[in-house]
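Here is the file final_10.cif (mmCIF, C-alpha atoms).
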data_my_file
loop_
_atom_site.label_atom_id
_atom_site.label_comp_id
_atom_site.auth_asym_id
_atom_site.auth_seq_id
_atom_site.Cartn_x
_atom_site.Cartn_y
_atom_site.Cartn_z
CA MET A 8 94.46 -17.76 60.60
CA GLN A 9 92.54 -14.60 61.42
CA ALA A 10 88.76 -14.40 61.28
CA ASP A 11 87.21 -12.81 58.19
CA ILE A 12 85.43 -9.58 59.23
CA ARG A 13 82.81 -8.02 56.96
CA GLN A 14 81.32 -4.61 57.78
CA VAL A 15 77.76 -4.71 56.48
CA ALA A 16 76.56 -1.33 57.81
CA ASP A 17 77.76 1.37 60.17
CA GLY A 18 78.78 -0.37 63.39
CA ILE A 19 77.61 -3.80 62.23
CA HIS A 20 80.14 -6.53 61.46
CA LEU A 21 79.66 -10.17 60.51
CA VAL A 22 82.68 -12.25 61.49
CA HIS A 23 83.37 -15.61 59.85
CA GLY A 24 85.17 -17.87 62.30
CA SER A 25 86.46 -21.35 61.57
CA SER A 26 83.00 -22.64 60.65
CA THR A 27 80.52 -20.43 62.50
CA ASN A 28 79.76 -16.72 62.37
CA TRP A 29 79.35 -14.16 65.13
CA VAL A 30 78.23 -10.53 64.97
CA ILE A 31 79.72 -7.41 66.52
CA LEU A 32 77.42 -4.42 67.06
CA ALA A 33 79.58 -1.40 67.88
CA GLU A 34 78.87 2.04 69.29
CA GLY A 35 82.18 3.77 69.84
CA ASP A 36 84.40 1.18 71.48
CA ALA A 37 81.47 -0.48 73.27
CA VAL A 38 79.99 -3.54 71.60
CA THR A 39 77.32 -6.17 71.79
CA LEU A 40 78.65 -9.58 70.81
CA VAL A 41 76.10 -11.95 69.26
CA ASP A 42 77.37 -15.54 69.60
CA THR A 43 81.01 -16.53 70.17
CA GLY A 44 81.84 -19.42 67.82
CA TYR A 45 83.39 -22.69 68.95
CA PRO A 46 85.57 -22.86 72.08
CA GLY A 47 88.50 -23.15 69.68
CA ASP A 48 87.56 -19.83 68.05
CA ARG A 49 88.41 -17.75 71.15
CA ASP A 50 91.55 -16.16 69.74
CA LYS A 51 89.63 -15.20 66.60
CA VAL A 52 86.83 -13.67 68.69
CA LEU A 53 89.30 -11.55 70.65
CA ALA A 54 91.16 -10.56 67.50
CA SER A 55 87.93 -9.54 65.79
CA LEU A 56 87.07 -7.22 68.67
CA ALA A 57 90.47 -5.57 68.40
CA ALA A 58 90.07 -5.24 64.64
CA VAL A 59 86.91 -3.14 65.03
CA GLY A 60 88.56 -0.93 67.64
CA SER A 61 87.14 -2.56 70.74
CA SER A 62 88.26 -4.99 73.43
CA PRO A 63 86.81 -7.81 75.55
CA GLU A 64 86.45 -5.39 78.47
CA ALA A 65 84.17 -3.22 76.31
CA VAL A 66 81.68 -6.02 75.53
CA THR A 67 78.52 -4.85 77.28
CA ALA A 68 76.72 -8.17 76.77
CA VAL A 69 76.98 -11.49 74.97
CA LEU A 70 73.73 -12.44 73.24
CA VAL A 71 73.32 -16.11 72.41
CA THR A 72 71.08 -17.13 69.52
CA HIS A 73 71.11 -20.68 70.88
CA ALA A 74 73.26 -22.81 73.13
CA HIS A 75 75.00 -25.17 70.73
CA ASN A 76 78.75 -25.38 71.31
CA ASP A 77 79.62 -23.67 68.02
CA HIS A 78 77.77 -20.53 69.16
CA LEU A 79 78.25 -20.71 72.94
CA GLY A 80 82.00 -21.34 72.79
CA SER A 81 83.38 -18.37 74.75
CA ALA A 82 80.25 -17.07 76.48
CA GLU A 83 81.25 -18.33 79.92
CA TYR A 84 84.80 -17.10 79.36
CA PHE A 85 83.49 -13.54 78.93
CA SER A 86 81.22 -13.90 81.94
CA ARG A 87 83.89 -15.37 84.22
CA THR A 88 86.81 -13.22 83.07
CA TYR A 89 85.18 -9.84 82.47
CA GLY A 90 81.83 -10.07 84.27
CA THR A 91 80.00 -9.77 80.97
CA PRO A 92 76.29 -10.66 81.22
CA VAL A 93 75.16 -13.47 78.92
CA HIS A 94 71.59 -13.21 77.65
CA THR A 95 69.47 -15.69 75.73
CA HIS A 96 65.78 -16.52 75.34
CA GLU A 97 64.13 -17.77 78.53
CA ALA A 98 63.50 -21.17 76.92
CA GLU A 99 67.23 -21.44 76.12
CA VAL A 100 68.48 -20.51 79.61
CA PRO A 101 68.46 -24.10 80.98
CA HIS A 102 70.08 -25.30 77.75
CA ALA A 103 72.89 -22.77 78.18
CA ARG A 104 73.34 -23.94 81.80
CA ARG A 105 73.53 -27.49 80.44
CA ASP A 106 70.62 -28.71 82.48
CA PHE A 107 70.18 -30.74 79.28
CA LEU A 108 71.86 -30.83 75.87
CA HIS A 109 69.90 -30.74 72.62
CA GLN A 110 72.65 -31.06 70.03
CA VAL A 111 73.36 -33.41 67.14
CA SER A 112 74.68 -36.66 68.61
CA ILE A 113 77.70 -38.67 67.53
CA GLY A 114 75.29 -41.43 66.52
CA GLN A 115 73.37 -39.08 64.22
CA VAL A 116 76.61 -37.90 62.67
CA LEU A 117 77.74 -41.47 62.06
CA ARG A 118 74.41 -42.35 60.43
CA ASN A 119 74.89 -39.38 58.08
CA ALA A 120 78.61 -39.91 57.46
CA TRP A 121 77.93 -41.00 53.87
CA ARG A 122 76.67 -37.49 53.00
CA PRO A 123 79.15 -35.14 51.30
CA GLY A 124 80.94 -32.85 53.72
CA VAL A 125 79.78 -34.54 56.94
CA VAL A 126 83.05 -36.27 57.87
CA PRO A 127 85.30 -33.20 57.34
CA TRP A 128 82.80 -31.05 59.24
CA ALA A 129 82.68 -33.57 62.11
CA VAL A 130 86.48 -33.74 62.36
CA HIS A 131 86.66 -29.94 62.48
CA ALA A 132 83.88 -29.77 65.08
CA LEU A 133 85.68 -32.24 67.37
CA ARG A 134 88.97 -30.38 67.05
CA SER A 135 87.26 -27.05 67.78
CA GLY A 136 85.51 -28.17 70.97
CA GLY A 137 82.18 -29.26 69.54
CA THR A 138 81.74 -31.89 72.25
CA ALA A 139 83.30 -29.90 75.12
CA HIS A 140 81.32 -29.30 78.30
CA ILE A 141 81.01 -25.50 78.39
CA PRO A 142 77.98 -24.50 80.49
CA VAL A 143 77.22 -20.86 81.23
CA ALA A 144 76.93 -20.51 84.99
CA ASP A 145 74.51 -17.57 85.00
CA PRO A 146 72.69 -17.15 81.68
CA ARG A 147 69.96 -14.53 81.87
CA PRO A 148 66.70 -14.20 79.96
CA PHE A 149 66.15 -11.01 78.03
CA PRO A 150 64.93 -8.33 80.45
CA GLY A 151 61.77 -7.43 78.53
CA GLU A 152 60.05 -6.96 75.20
CA GLY A 153 61.35 -4.78 72.40
CA PRO A 154 64.84 -3.41 71.73
CA LEU A 155 67.55 -4.23 74.22
CA ASP A 156 69.37 -1.31 75.82
CA LEU A 157 72.68 -2.35 74.29
CA PRO A 158 74.86 -1.20 71.40
CA GLY A 159 72.92 -1.80 68.18
CA ARG A 160 69.54 -1.88 69.98
CA PRO A 161 68.86 -5.46 68.83
CA VAL A 162 65.30 -6.77 69.10
CA PRO A 163 65.08 -10.45 70.14
CA VAL A 164 62.75 -12.56 67.98
CA HIS A 165 61.90 -16.07 69.17
CA THR A 166 62.37 -18.53 66.29
CA PRO A 167 62.12 -22.01 67.86
CA GLY A 168 62.77 -25.25 66.06
CA HIS A 169 66.52 -25.52 65.74
CA THR A 170 66.37 -25.45 69.53
CA ALA A 171 63.40 -24.62 71.77
CA GLY A 172 64.76 -21.21 72.65
CA HIS A 173 66.45 -20.29 69.39
CA CYS A 174 66.32 -16.53 68.92
CA ALA A 175 67.08 -14.19 66.01
CA PHE A 176 67.82 -10.50 66.43
CA HIS A 177 66.26 -7.74 64.34
CA LEU A 178 67.96 -4.40 63.74
CA PRO A 179 65.00 -2.57 62.20
CA GLU A 180 66.70 0.79 61.58
CA ALA A 181 69.50 -0.90 59.65
CA GLY A 182 67.24 -3.41 57.89
CA VAL A 183 69.35 -6.28 59.26
CA VAL A 184 68.30 -9.67 60.62
CA ILE A 185 70.78 -11.77 62.61
CA SER A 186 69.32 -15.20 62.00
CA GLY A 187 71.55 -17.63 63.92
CA ASP A 188 70.85 -21.17 62.73
CA GLY A 189 67.17 -20.57 62.05
CA LEU A 190 67.95 -19.43 58.50
CA VAL A 191 71.42 -19.83 57.01
CA SER A 192 73.11 -19.18 53.67
CA GLY A 193 75.45 -22.17 53.63
CA HIS A 194 77.09 -24.91 55.72
CA PRO A 195 80.01 -27.30 55.24
CA THR A 196 77.53 -30.20 55.02
CA SER A 197 75.35 -28.48 52.41
CA ARG A 198 76.06 -28.65 48.70
CA VAL A 199 73.90 -25.66 47.78
CA PRO A 200 74.56 -21.96 48.40
CA GLY A 201 71.99 -19.38 49.40
CA PRO A 202 69.12 -19.21 51.92
CA GLN A 203 68.24 -22.58 53.42
CA LEU A 204 67.52 -24.52 56.56
CA LEU A 205 70.32 -26.59 58.02
CA PRO A 206 70.18 -30.34 57.30
CA VAL A 207 67.57 -32.27 59.27
CA MET A 208 69.99 -33.85 61.76
CA PHE A 209 70.87 -30.47 63.26
CA HIS A 210 67.33 -29.47 64.29
CA ARG A 211 65.66 -30.41 67.55
CA ASP A 212 62.26 -29.87 65.89
CA ARG A 213 62.35 -29.69 62.09
CA GLY A 214 58.63 -28.82 61.92
CA GLY A 215 59.19 -25.94 64.32
CA ALA A 216 62.15 -24.71 62.26
CA LEU A 217 59.93 -24.67 59.17
CA ALA A 218 57.19 -22.82 61.05
CA SER A 219 59.68 -20.19 62.23
CA LEU A 220 60.35 -19.27 58.62
CA ASP A 221 56.97 -17.50 58.84
CA THR A 222 58.47 -15.30 61.55
CA PHE A 223 61.50 -14.52 59.41
CA GLU A 224 59.22 -13.65 56.50
CA ALA A 225 57.53 -11.01 58.63
CA LEU A 226 60.77 -9.21 59.54
CA PRO A 227 61.44 -6.22 57.26
CA GLY A 228 65.03 -6.15 56.13
CA ASP A 229 67.36 -6.55 53.21
CA VAL A 230 70.49 -7.93 54.92
CA LEU A 231 70.65 -11.37 56.51
CA LEU A 232 73.52 -12.23 58.86
CA PRO A 233 73.35 -16.02 59.36
CA GLY A 234 75.09 -18.28 61.81
CA HIS A 235 76.64 -20.16 58.87
CA GLY A 236 77.42 -18.93 55.39
CA PRO A 237 78.07 -15.50 53.87
CA VAL A 238 76.12 -12.28 54.22
CA HIS A 239 72.92 -12.51 52.20
CA ARG A 240 71.82 -9.25 50.62
CA GLY A 241 68.25 -9.08 49.44
CA SER A 242 64.78 -9.31 50.90
CA VAL A 243 64.73 -11.34 54.12
CA ARG A 244 61.16 -12.27 53.28
CA GLU A 245 62.25 -13.76 49.98
CA ALA A 246 65.19 -15.51 51.66
CA ALA A 247 62.80 -17.25 54.06
CA GLN A 248 60.53 -18.22 51.19
CA ARG A 249 63.47 -19.66 49.28
CA ALA A 250 64.54 -21.70 52.30
CA ARG A 251 61.03 -23.12 52.59
CA GLU A 252 60.99 -24.10 48.92
CA ARG A 253 64.30 -25.91 49.30
CA ALA A 254 63.12 -27.72 52.42
CA VAL A 255 60.12 -29.31 50.71
#
Let me see the file written as structure tokens.
Amino acid sequence: MQADIRQVADGIHLVHGSSTNWVILAEGDAVTLVDTGYPGDRDKVLASLAAVGSSPEAVTAVLVTHAHNDHLGSAEYFSRTYGTPVHTHEAEVPHARRDFLHQVSIGQVLRNAWRPGVVPWAVHALRSGGTAHIPVADPRPFPGEGPLDLPGRPVPVHTPGHTAGHCAFHLPEAGVVISGDGLVSGHPTSRVPGPQLLPVMFHRDRGGALASLDTFEALPGDVLLPGHGPVHRGSVREAAQRARERAV
């Protein structure tokens, strides 16, 4: 099954993989790839690049919102095979190297197995490489403040809580926020659609994730590209407020 590709603005595509989204920022045939899905999503990642007229060789950088396996899946593959640099927030660099792993544990999943959607999600995650050991050998922190000199000119925005180094990306000229798992619009384990935080078991620091909604509120934009769920069109500020209301 091919990935579902949605063009949300000129050169900006949200790709729905098997359970996780990634974003392609294109300028000509050169692209910035934000996240890479599960390890099992690799064929879909490569196919999505071809579908927008690009190729893996043309990926100028992989940007990682955070180093969970469903977002980090093919980052090292791009680095090892094509020499693509992999960038993430400095606080997430050791996580991407797998100096440690802050990810929902099997025990936490089992304790939440009674919740609707958890067991099917867990089975899919296991089959897709959710527990695979996939460190990035040479993850690099962002080179400086402000827009990155990459296709799309994304601006990293530190939004800790889901992980310590979780990072969103702001595309101010397009009014787009790539929110990773800091602010989503759905998840297989959630029964409600629309802006929300992921369930508690997925966050390293739930209080920090709530606090980072203040950061999302301050980002001007009217298109939200989340790590899970569909494109959300409407005020990003209001989306963050709605997620906070649902989290109370």
d(CA of Leu70 in chain A, CA of Val243 in chain A) in Å: 21.2 Å
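Distances from A:Gly189, A:Pro148, A:Pro227, A:Pro92 to Thr166 in chain A were compared using all atoms listed in the file, and the smallest one belongs to A:Gly189.
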Which residue of A:His75, A:Arg249, A:Arg49, A:His96 approaches His210 in chain A most closely, using only C-alpha atoms: A:His75
Hits of the PyMOL selection byres ((chain A and resi 106) around 12) in this structure, as a PyMOL selection string: chain A and resi 74+98-105+107-109+140-144+146
Got a sec to resolve the PyMOL selection byres ((chain A and resi 35) around 12) on this structure and send the residues as an MDAnalysis selection string? chainID A and resid 17:19 31:34 36:39 59:62 65:67 158:159
Evaluate the PyMOL selection byres ((chain A and resi 40-44) around 6) and report residues as a PyMOL selection string: chain A and resi 27+29-31+39+45+48+69-71+77-81
Report as an MDAnalysis selection string all protein, DNA and RNA residues lying within 9 Å of Phe176 in chain A, evaluated on all atoms listed in the file, omitting residues in the same chain fewer than 2 positions from it. chainID A and resid 41 72 161:165 174 178 183:187
Could you please determine the separation between CA of Ala171 in chain A and CA of His194 in chain A in Å, to one decimal place? 21.1 Å
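Atom to atom, CA of Ile12 in chain A and CA of Pro237 in chain A stand 10.9 Å apart.
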When you look at Asp11 in chain A with a cut-off of 9 Å (counting all atoms listed in the file), what residues show up, excluding the ones that are within fewer than 2 positions of it in the same chain? I need them as an mmCIF file with C-alpha atoms, in the frame of the given file.
data_model
loop_
_atom_site.group_PDB
_atom_site.id
_atom_site.type_symbol
_atom_site.label_atom_id
_atom_site.label_comp_id
_atom_site.auth_asym_id
_atom_site.auth_seq_id
_atom_site.Cartn_x
_atom_site.Cartn_y
_atom_site.Cartn_z
ATOM 1 C CA GLN A 9 92.540 -14.600 61.420
ATOM 2 C CA ARG A 13 82.810 -8.020 56.960
ATOM 3 C CA LEU A 21 79.660 -10.170 60.510
ATOM 4 C CA VAL A 22 82.680 -12.250 61.490
ATOM 5 C CA HIS A 23 83.370 -15.610 59.850
ATOM 6 C CA GLY A 24 85.170 -17.870 62.300
ATOM 7 C CA SER A 55 87.930 -9.540 65.790
#
